[in-house]
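Down below is the structure, laid out as structure tokens.
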Amino acid sequence: MELDYYEVLGVARDADTDAIKRAYRKLALKYHPDHNPGDAEAEQKFKEAAEAYDVLRDPEKRARYDRFGQAGVQGGAGGFGSTEDIFAHFSDIFGDLFGFSTAARGPRPTAGADLRYNLTISFAQAAKGDEITLSLPKHVVCSECRGSGAAPGSKAETCRHCGGSGQVRRTQGFFQIAMPCPVCHGSGQVIVKPCPRCKGEGVVTDTRELVVRVPAGVDTGTRLRVRGEGEPGEHGGPPGDLYVVLTVETDKRWRREGQDLLCTQEISFVQAALGHRVEAPGLDGPLPLEIPRGVQSGTLLRLAGEGLPYPGRQARGDLLVEVRVLTPTRLSKEQEDLLRQFAAASEKTPLAKVKKAAKKISKAMGLE
């Protein structure tokens with residue numbers, strides 16, 4: 001949605017330059033990041049006010065804006081990527097407001113970047129939980145210069161090329177473009193005598209060992225956050241965080257569905273008919289499982305609370321045992337005789353007689 005720059009600053013369309021500057025100073029003070037820490041809405045209004053002031057304070061930009069709207073100042077207005085750009089762009093305004101120049105202010109502290117580490121763990125580690133020691137190469141603040149990049153006993157100096165603003169301006173036709181200073185790379189300062197250990201970078205590469213606690217019950221895709229173990233911050237800013245992303249190996253004994261575990265228990269047709277007691281594979285060892293009489297192949301028997309724990313909770317999933325009834329493929333003569341006796345005895349039961357009579361009637365009526 002296109003901004004109305006006059007409405008953003010709260011001035012009339014015929015307001016003079018002084019009125020526009022006073023309006024911007026008021027808004028800059030109201031929505032300044034130091035007065036509104038962590039307030040994203042205030043930061044957005046701070047940027048919008050700067051964008052509006054950047055156009056309306058310039059007679060040529062203002063004339064194009066009045067005629068064509070934002071399209072008339074495309075590429076030559078606002079769009080500040082950060083509050084640092086605004087401080088550098090309007091160093092005179094903020095120097096008047098707060099009694100310092102951009103060069104004196106120096107770079108603002110910036111939080112370090114977050115890091116990601118992919119970790120594969122066994123099914124047992126995921127089920128029980130574990131503490132795993134990681135050896136990670138990472139950047140750490142240089143102990144010699146304490147992150148400044150300057151040799152001990154020296155300090156960074158104000159960049160002469162940009163006067164400490166961190167930006168240089170180039171004019172292309174009607175447009176004036178602000179670009180990062182090629183000498184100080186936008187920091188506003190240069191290191192004349194770099195630290196011999198870190199070569200002026202302020203950080204060095206080191207190997208750090210840290211212990212990551214894996215909660216019981218985690219699954220593939222779980223992210224573990226280790227605070228303060230990311231990249232170091234710049235200019236005294238806080239370090240980022242380390243995110244350990246887990247991949248859990250499968251186990252041939254179980255299939256996993258959330259926190260429930262599924263396994264298969266094979267039994268003979270005799271055990272299925274008479275019922276039987278077997279041992280199912282549990283996380284802590286074999287579990288007794290009663291097979292009821294007459295169980296059918298494919299039946300699921302549930303052992304409540306014998307599945308995986310829910311991370312950070314006392315509750316657990318269930319162990320589901322799928323019964324698979326095996327049909328023998330090779331029989332001895334004695335076994336065949338016994339099965340035939342069983343089949344004959346089955347035909348003499350009341351239910352078998354009723355089925356036999358119904359079959360005869362259906363045949364006599366021509367239904368078969």
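FYI, nothing fancy with the structure tokens labels: chains A, B, ... in order, residues from 1 per chain, ligands from 1 as they appear.
Residue neighbourhood of Val183 in chain A, excluding near-sequence residues (fewer than 5 positions): Cys159, Arg160, His161, Cys162, Gly166, Gln167, Gly188, Gln189 and Val190 of chain A, at 10 Å, using only C-alpha atoms.
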Keeping only N, CA and C atoms, write the selected residues to a file as a PDB file, in the first residue's frame.
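Saved as part30.pdb:
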ATOM      1  N   CYS A 159      36.651   6.915   9.563  1.00  0.00           N
ATOM      2  CA  CYS A 159      36.992   6.822   8.151  1.00  0.00           C
ATOM      3  C   CYS A 159      37.004   8.217   7.520  1.00  0.00           C
ATOM      4  N   ARG A 160      38.109   8.576   6.895  1.00  0.00           N
ATOM      5  CA  ARG A 160      38.218   9.893   6.277  1.00  0.00           C
ATOM      6  C   ARG A 160      37.455   9.968   4.958  1.00  0.00           C
ATOM      7  N   HIS A 161      37.277   8.839   4.319  1.00  0.00           N
ATOM      8  CA  HIS A 161      36.626   8.839   3.007  1.00  0.00           C
ATOM      9  C   HIS A 161      35.153   9.231   3.104  1.00  0.00           C
ATOM     10  N   CYS A 162      34.475   8.742   4.159  1.00  0.00           N
ATOM     11  CA  CYS A 162      33.043   9.033   4.309  1.00  0.00           C
ATOM     12  C   CYS A 162      32.757   9.916   5.509  1.00  0.00           C
ATOM     13  N   GLY A 166      29.740   6.096   7.000  1.00  0.00           N
ATOM     14  CA  GLY A 166      29.607   4.739   6.478  1.00  0.00           C
ATOM     15  C   GLY A 166      29.021   4.689   5.085  1.00  0.00           C
ATOM     16  N   GLN A 167      28.684   5.866   4.526  1.00  0.00           N
ATOM     17  CA  GLN A 167      28.061   5.911   3.207  1.00  0.00           C
ATOM     18  C   GLN A 167      28.697   6.993   2.350  1.00  0.00           C
ATOM     19  N   GLY A 188      31.981   3.045   9.111  1.00  0.00           N
ATOM     20  CA  GLY A 188      32.336   4.406   9.530  1.00  0.00           C
ATOM     21  C   GLY A 188      33.684   4.494  10.202  1.00  0.00           C
ATOM     22  N   GLN A 189      34.362   3.362  10.367  1.00  0.00           N
ATOM     23  CA  GLN A 189      35.655   3.341  11.032  1.00  0.00           C
ATOM     24  C   GLN A 189      36.618   2.440  10.272  1.00  0.00           C
ATOM     25  N   VAL A 190      37.883   2.722  10.395  1.00  0.00           N
ATOM     26  CA  VAL A 190      38.915   1.896   9.766  1.00  0.00           C
ATOM     27  C   VAL A 190      39.953   1.526  10.824  1.00  0.00           C
TER      28      VAL A 190
END
Any idea what's packed within 12 Å of range 317-324 of chain A, counting only C-alpha atoms, ignoring anything in its chain fewer than 4 positions away? Could you give it as a VMD selection string? chain A and resid 127 217 253 to 269 271 to 272 275 to 276 278 to 283 286 to 292 294 to 311 313
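Relative to CA of Leu242 in chain A, CA of Tyr117 in chain A is found at 7.4 Å.
When DSSP reads the backbone of this structure, the residues of range 106-269 of chain A it assigns to helix (DSSP H, G or I) are Phe123, Ala124, Gln125, Ala126, Ala127, Lys128 and Phe269 of chain A.
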Selection file, C-alpha atoms, as a short mmCIF file (atom, residue, chain, number, x, y, z; two decimals), in the first residue's frame:
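result08.cif was written with the following content:
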data_model
loop_
_atom_site.label_atom_id
_atom_site.label_comp_id
_atom_site.auth_asym_id
_atom_site.auth_seq_id
_atom_site.Cartn_x
_atom_site.Cartn_y
_atom_site.Cartn_z
CA PHE A 123 16.68 -44.98 18.17
CA ALA A 124 17.75 -45.90 21.71
CA GLN A 125 19.17 -42.42 22.31
CA ALA A 126 15.92 -40.88 21.10
CA ALA A 127 13.84 -43.21 23.28
CA LYS A 128 15.84 -42.85 26.49
CA PHE A 269 -2.76 -71.35 14.82
#
Skipping near chain neighbours, those fewer than 3 positions away, what residues fall within 8 Å of Ser148 in chain A using only C-alpha atoms, listed as a list in words? Cys145, Lys155, Ala156, Gly200, Glu201, Gly202 and His235 of chain A
Write the residues you've just listed into a file as a PDB file, in the first residue's frame, and include N, CA and C atoms for each of them.
ATOM      1  N   CYS A 145      42.352  -8.773  21.018  1.00  0.00           N
ATOM      2  CA  CYS A 145      41.756  -7.445  20.814  1.00  0.00           C
ATOM      3  C   CYS A 145      40.342  -7.343  21.362  1.00  0.00           C
ATOM      4  N   LYS A 155      43.264   1.720  18.467  1.00  0.00           N
ATOM      5  CA  LYS A 155      41.827   1.652  18.292  1.00  0.00           C
ATOM      6  C   LYS A 155      41.463   2.072  16.876  1.00  0.00           C
ATOM      7  N   ALA A 156      40.247   1.747  16.498  1.00  0.00           N
ATOM      8  CA  ALA A 156      39.772   2.121  15.166  1.00  0.00           C
ATOM      9  C   ALA A 156      39.631   3.643  15.068  1.00  0.00           C
ATOM     10  N   GLY A 200      42.709  -8.309  12.160  1.00  0.00           N
ATOM     11  CA  GLY A 200      41.732  -7.241  12.078  1.00  0.00           C
ATOM     12  C   GLY A 200      40.292  -7.689  11.981  1.00  0.00           C
ATOM     13  N   GLU A 201      40.047  -9.006  11.983  1.00  0.00           N
ATOM     14  CA  GLU A 201      38.679  -9.520  11.850  1.00  0.00           C
ATOM     15  C   GLU A 201      37.895  -9.456  13.158  1.00  0.00           C
ATOM     16  N   GLY A 202      38.595  -9.458  14.263  1.00  0.00           N
ATOM     17  CA  GLY A 202      37.922  -9.443  15.563  1.00  0.00           C
ATOM     18  C   GLY A 202      37.503 -10.812  16.056  1.00  0.00           C
ATOM     19  N   HIS A 235      30.651  -5.539  17.345  1.00  0.00           N
ATOM     20  CA  HIS A 235      30.671  -4.291  18.112  1.00  0.00           C
ATOM     21  C   HIS A 235      30.031  -4.456  19.490  1.00  0.00           C
TER      22      HIS A 235
END
Strand (DSSP E or B) positions in range 133-338 of chain A, given as a compact mmCIF listing (two decimals) with N, CA and C atoms, in the first residue's frame:
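The resulting selection_37.txt:
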# COMPACT_ATOMS: atom_id res chain seq x y z
N THR A 133 28.32 -35.09 23.47
CA THR A 133 29.37 -34.08 23.38
C THR A 133 29.70 -33.82 21.92
N LEU A 134 29.62 -32.57 21.51
CA LEU A 134 29.92 -32.17 20.14
C LEU A 134 31.21 -31.36 20.10
N SER A 135 32.02 -31.62 19.10
CA SER A 135 33.22 -30.81 18.86
C SER A 135 32.95 -29.99 17.60
N LEU A 136 32.81 -28.68 17.75
CA LEU A 136 32.37 -27.83 16.65
C LEU A 136 33.40 -26.76 16.35
N PRO A 137 33.75 -26.60 15.07
CA PRO A 137 34.56 -25.44 14.70
C PRO A 137 33.66 -24.21 14.65
N LYS A 138 34.06 -23.12 15.25
CA LYS A 138 33.24 -21.92 15.25
C LYS A 138 34.11 -20.69 15.45
N HIS A 139 33.56 -19.56 15.10
CA HIS A 139 34.26 -18.30 15.33
C HIS A 139 34.04 -17.86 16.77
N VAL A 140 35.11 -17.44 17.40
CA VAL A 140 35.03 -16.91 18.76
C VAL A 140 35.71 -15.54 18.77
N VAL A 141 35.33 -14.71 19.72
CA VAL A 141 35.91 -13.38 19.83
C VAL A 141 37.40 -13.49 20.12
N ALA A 150 41.46 -4.24 16.35
CA ALA A 150 42.63 -3.36 16.43
C ALA A 150 43.68 -3.97 17.36
N GLU A 157 39.86 4.15 13.85
CA GLU A 157 39.75 5.58 13.63
C GLU A 157 38.60 5.88 12.68
N THR A 158 38.11 7.13 12.75
CA THR A 158 37.03 7.54 11.87
C THR A 158 37.49 7.52 10.42
N GLN A 167 28.68 5.87 4.53
CA GLN A 167 28.06 5.91 3.21
C GLN A 167 28.70 6.99 2.35
N VAL A 168 28.66 6.76 1.06
CA VAL A 168 29.03 7.78 0.09
C VAL A 168 27.86 7.93 -0.87
N ARG A 169 27.74 9.11 -1.45
CA ARG A 169 26.60 9.40 -2.34
C ARG A 169 27.08 9.58 -3.76
N ARG A 170 26.30 9.02 -4.67
CA ARG A 170 26.60 9.17 -6.08
C ARG A 170 25.34 9.68 -6.79
N THR A 171 25.53 10.60 -7.70
CA THR A 171 24.40 11.16 -8.43
C THR A 171 24.35 10.55 -9.82
N GLN A 172 23.18 10.03 -10.18
CA GLN A 172 22.94 9.46 -11.50
C GLN A 172 21.70 10.14 -12.07
N PHE A 175 18.70 11.15 -9.86
CA PHE A 175 18.72 10.39 -8.63
C PHE A 175 20.04 10.51 -7.90
N GLN A 176 19.93 10.51 -6.58
CA GLN A 176 21.10 10.49 -5.72
C GLN A 176 21.05 9.21 -4.90
N ILE A 177 22.07 8.38 -5.06
CA ILE A 177 22.06 7.06 -4.44
C ILE A 177 23.12 6.99 -3.34
N ALA A 178 22.69 6.52 -2.17
CA ALA A 178 23.62 6.31 -1.05
C ALA A 178 24.14 4.88 -1.11
N MET A 179 25.46 4.74 -1.05
CA MET A 179 26.09 3.42 -1.13
C MET A 179 27.06 3.24 0.03
N PRO A 180 27.28 1.98 0.46
CA PRO A 180 28.25 1.74 1.53
C PRO A 180 29.63 2.24 1.13
N GLN A 189 34.36 3.36 10.37
CA GLN A 189 35.66 3.34 11.03
C GLN A 189 36.62 2.44 10.27
N VAL A 190 37.88 2.72 10.39
CA VAL A 190 38.92 1.90 9.77
C VAL A 190 39.95 1.53 10.82
N PRO A 194 45.95 -3.40 12.53
CA PRO A 194 45.14 -4.58 12.85
C PRO A 194 45.79 -5.48 13.88
N VAL A 203 37.57 -11.83 15.18
CA VAL A 203 37.22 -13.20 15.55
C VAL A 203 38.27 -14.15 15.02
N VAL A 204 38.39 -15.31 15.67
CA VAL A 204 39.29 -16.36 15.22
C VAL A 204 38.52 -17.68 15.22
N THR A 205 39.02 -18.64 14.46
CA THR A 205 38.38 -19.95 14.39
C THR A 205 38.94 -20.85 15.49
N ASP A 206 38.06 -21.49 16.20
CA ASP A 206 38.47 -22.36 17.30
C ASP A 206 37.55 -23.57 17.32
N THR A 207 37.97 -24.62 18.00
CA THR A 207 37.14 -25.81 18.18
C THR A 207 36.61 -25.81 19.61
N ARG A 208 35.30 -25.84 19.70
CA ARG A 208 34.67 -25.81 21.02
C ARG A 208 33.94 -27.12 21.26
N GLU A 209 34.06 -27.64 22.46
CA GLU A 209 33.29 -28.82 22.85
C GLU A 209 32.14 -28.37 23.73
N LEU A 210 30.95 -28.86 23.38
CA LEU A 210 29.79 -28.53 24.21
C LEU A 210 28.89 -29.76 24.31
N VAL A 211 28.18 -29.85 25.41
CA VAL A 211 27.31 -30.99 25.68
C VAL A 211 25.87 -30.60 25.36
N VAL A 212 25.24 -31.41 24.50
CA VAL A 212 23.85 -31.19 24.11
C VAL A 212 22.99 -32.25 24.78
N ARG A 213 21.98 -31.80 25.50
CA ARG A 213 21.08 -32.75 26.16
C ARG A 213 19.90 -33.06 25.24
N VAL A 214 19.77 -34.35 24.88
CA VAL A 214 18.69 -34.81 24.02
C VAL A 214 17.56 -35.34 24.90
N ARG A 223 14.36 -29.69 16.73
CA ARG A 223 15.44 -28.70 16.82
C ARG A 223 15.73 -28.39 18.27
N LEU A 224 16.98 -28.56 18.65
CA LEU A 224 17.41 -28.24 20.01
C LEU A 224 18.17 -26.92 19.97
N ARG A 225 17.76 -25.97 20.78
CA ARG A 225 18.38 -24.65 20.78
C ARG A 225 19.40 -24.55 21.91
N VAL A 226 20.63 -24.18 21.54
CA VAL A 226 21.68 -23.97 22.53
C VAL A 226 22.01 -22.47 22.49
N GLU A 234 28.77 -8.49 16.67
CA GLU A 234 29.70 -7.45 16.24
C GLU A 234 29.54 -6.21 17.10
N LEU A 242 22.89 -21.70 18.61
CA LEU A 242 23.15 -22.91 17.84
C LEU A 242 21.89 -23.76 17.84
N TYR A 243 21.46 -24.19 16.65
CA TYR A 243 20.30 -25.08 16.53
C TYR A 243 20.78 -26.45 16.06
N VAL A 244 20.57 -27.46 16.91
CA VAL A 244 20.94 -28.83 16.58
C VAL A 244 19.69 -29.53 16.05
N VAL A 245 19.73 -29.94 14.77
CA VAL A 245 18.59 -30.56 14.11
C VAL A 245 18.81 -32.07 14.09
N LEU A 246 17.87 -32.83 14.65
CA LEU A 246 18.06 -34.26 14.86
C LEU A 246 17.49 -35.11 13.72
N THR A 247 18.21 -36.20 13.42
CA THR A 247 17.71 -37.28 12.58
C THR A 247 17.80 -38.56 13.40
N VAL A 248 16.67 -39.24 13.58
CA VAL A 248 16.63 -40.45 14.42
C VAL A 248 16.66 -41.68 13.52
N ARG A 255 7.98 -50.10 14.55
CA ARG A 255 7.61 -49.01 13.66
C ARG A 255 7.04 -47.91 14.54
N ARG A 256 7.36 -46.67 14.20
CA ARG A 256 6.96 -45.56 15.06
C ARG A 256 5.81 -44.78 14.43
N GLU A 257 4.81 -44.46 15.22
CA GLU A 257 3.72 -43.58 14.82
C GLU A 257 3.53 -42.56 15.95
N ASP A 260 3.65 -43.66 19.74
CA ASP A 260 3.27 -45.07 19.80
C ASP A 260 4.28 -45.92 19.04
N LEU A 261 4.48 -47.15 19.53
CA LEU A 261 5.35 -48.11 18.85
C LEU A 261 4.52 -49.30 18.39
N LEU A 262 4.83 -49.80 17.19
CA LEU A 262 4.13 -50.96 16.65
C LEU A 262 5.14 -52.07 16.36
N CYS A 263 4.76 -53.30 16.73
CA CYS A 263 5.59 -54.45 16.43
C CYS A 263 4.70 -55.61 16.03
N THR A 264 5.30 -56.66 15.48
CA THR A 264 4.55 -57.83 15.02
C THR A 264 4.93 -59.04 15.87
N GLN A 265 3.91 -59.81 16.30
CA GLN A 265 4.14 -61.02 17.09
C GLN A 265 3.56 -62.20 16.33
N GLU A 266 4.43 -63.13 15.93
CA GLU A 266 3.97 -64.32 15.21
C GLU A 266 3.64 -65.44 16.19
N ILE A 267 2.48 -66.09 15.96
CA ILE A 267 2.06 -67.22 16.80
C ILE A 267 1.51 -68.32 15.89
N SER A 268 1.45 -69.53 16.42
CA SER A 268 0.89 -70.65 15.65
C SER A 268 -0.63 -70.62 15.72
N HIS A 276 -2.51 -67.93 24.53
CA HIS A 276 -1.12 -68.20 24.87
C HIS A 276 -0.52 -66.97 25.53
N ARG A 277 0.57 -67.16 26.24
CA ARG A 277 1.30 -66.05 26.82
C ARG A 277 2.65 -65.94 26.15
N VAL A 278 2.96 -64.75 25.61
CA VAL A 278 4.22 -64.54 24.89
C VAL A 278 4.93 -63.33 25.51
N GLU A 279 6.09 -63.04 24.98
CA GLU A 279 6.85 -61.86 25.41
C GLU A 279 6.98 -60.90 24.23
N ALA A 280 6.54 -59.66 24.44
CA ALA A 280 6.64 -58.63 23.40
C ALA A 280 7.87 -57.78 23.68
N PRO A 281 8.53 -57.25 22.62
CA PRO A 281 9.73 -56.43 22.82
C PRO A 281 9.37 -55.04 23.36
N GLY A 282 9.77 -54.75 24.59
CA GLY A 282 9.55 -53.43 25.17
C GLY A 282 10.84 -52.62 25.20
N GLY A 285 12.98 -53.96 27.95
CA GLY A 285 13.11 -55.41 28.01
C GLY A 285 11.81 -56.09 27.64
N PRO A 286 11.80 -57.44 27.62
CA PRO A 286 10.60 -58.18 27.23
C PRO A 286 9.41 -57.87 28.15
N LEU A 287 8.21 -57.81 27.55
CA LEU A 287 6.98 -57.55 28.30
C LEU A 287 6.03 -58.73 28.14
N PRO A 288 5.40 -59.22 29.23
CA PRO A 288 4.44 -60.32 29.10
C PRO A 288 3.19 -59.85 28.36
N LEU A 289 2.72 -60.68 27.43
CA LEU A 289 1.54 -60.34 26.63
C LEU A 289 0.63 -61.56 26.54
N GLU A 290 -0.62 -61.40 26.98
CA GLU A 290 -1.59 -62.48 26.93
C GLU A 290 -2.30 -62.47 25.58
N ILE A 291 -2.19 -63.61 24.86
CA ILE A 291 -2.89 -63.77 23.60
C ILE A 291 -4.25 -64.41 23.91
N LEU A 300 -4.82 -56.10 16.78
CA LEU A 300 -3.87 -55.27 17.51
C LEU A 300 -4.13 -55.36 19.00
N LEU A 301 -3.12 -55.74 19.75
CA LEU A 301 -3.19 -55.80 21.20
C LEU A 301 -2.38 -54.63 21.77
N ARG A 302 -2.99 -53.91 22.71
CA ARG A 302 -2.38 -52.68 23.21
C ARG A 302 -1.78 -52.88 24.60
N LEU A 303 -0.54 -52.42 24.76
CA LEU A 303 0.09 -52.34 26.07
C LEU A 303 0.24 -50.85 26.39
N PRO A 309 8.19 -41.83 25.48
CA PRO A 309 7.75 -40.69 26.31
C PRO A 309 7.54 -39.44 25.45
N ARG A 316 3.36 -41.16 28.31
CA ARG A 316 4.03 -41.99 27.31
C ARG A 316 3.00 -42.51 26.32
N LEU A 319 2.39 -49.31 23.29
CA LEU A 319 2.99 -50.34 22.45
C LEU A 319 1.86 -51.15 21.85
N LEU A 320 1.78 -51.18 20.53
CA LEU A 320 0.73 -51.91 19.81
C LEU A 320 1.36 -53.14 19.17
N VAL A 321 0.81 -54.31 19.52
CA VAL A 321 1.35 -55.58 19.01
C VAL A 321 0.35 -56.15 18.01
N GLU A 322 0.80 -56.30 16.77
CA GLU A 322 -0.04 -56.90 15.73
C GLU A 322 0.18 -58.41 15.71
N VAL A 323 -0.90 -59.16 15.90
CA VAL A 323 -0.80 -60.63 15.93
C VAL A 323 -0.82 -61.15 14.49
N ARG A 324 0.11 -62.05 14.20
CA ARG A 324 0.16 -62.69 12.89
C ARG A 324 0.14 -64.20 13.09
N VAL A 325 -0.96 -64.82 12.66
CA VAL A 325 -1.13 -66.27 12.84
C VAL A 325 -0.46 -66.98 11.68
N LEU A 326 0.46 -67.92 11.98
CA LEU A 326 1.19 -68.65 10.97
C LEU A 326 0.49 -69.97 10.63
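Minimum atom-to-atom distances from A:Val270, A:Val73, A:Ala113, A:Cys181 to Pro328 in chain A were compared using only C-alpha atoms, and the lowest value belongs to A:Val270.
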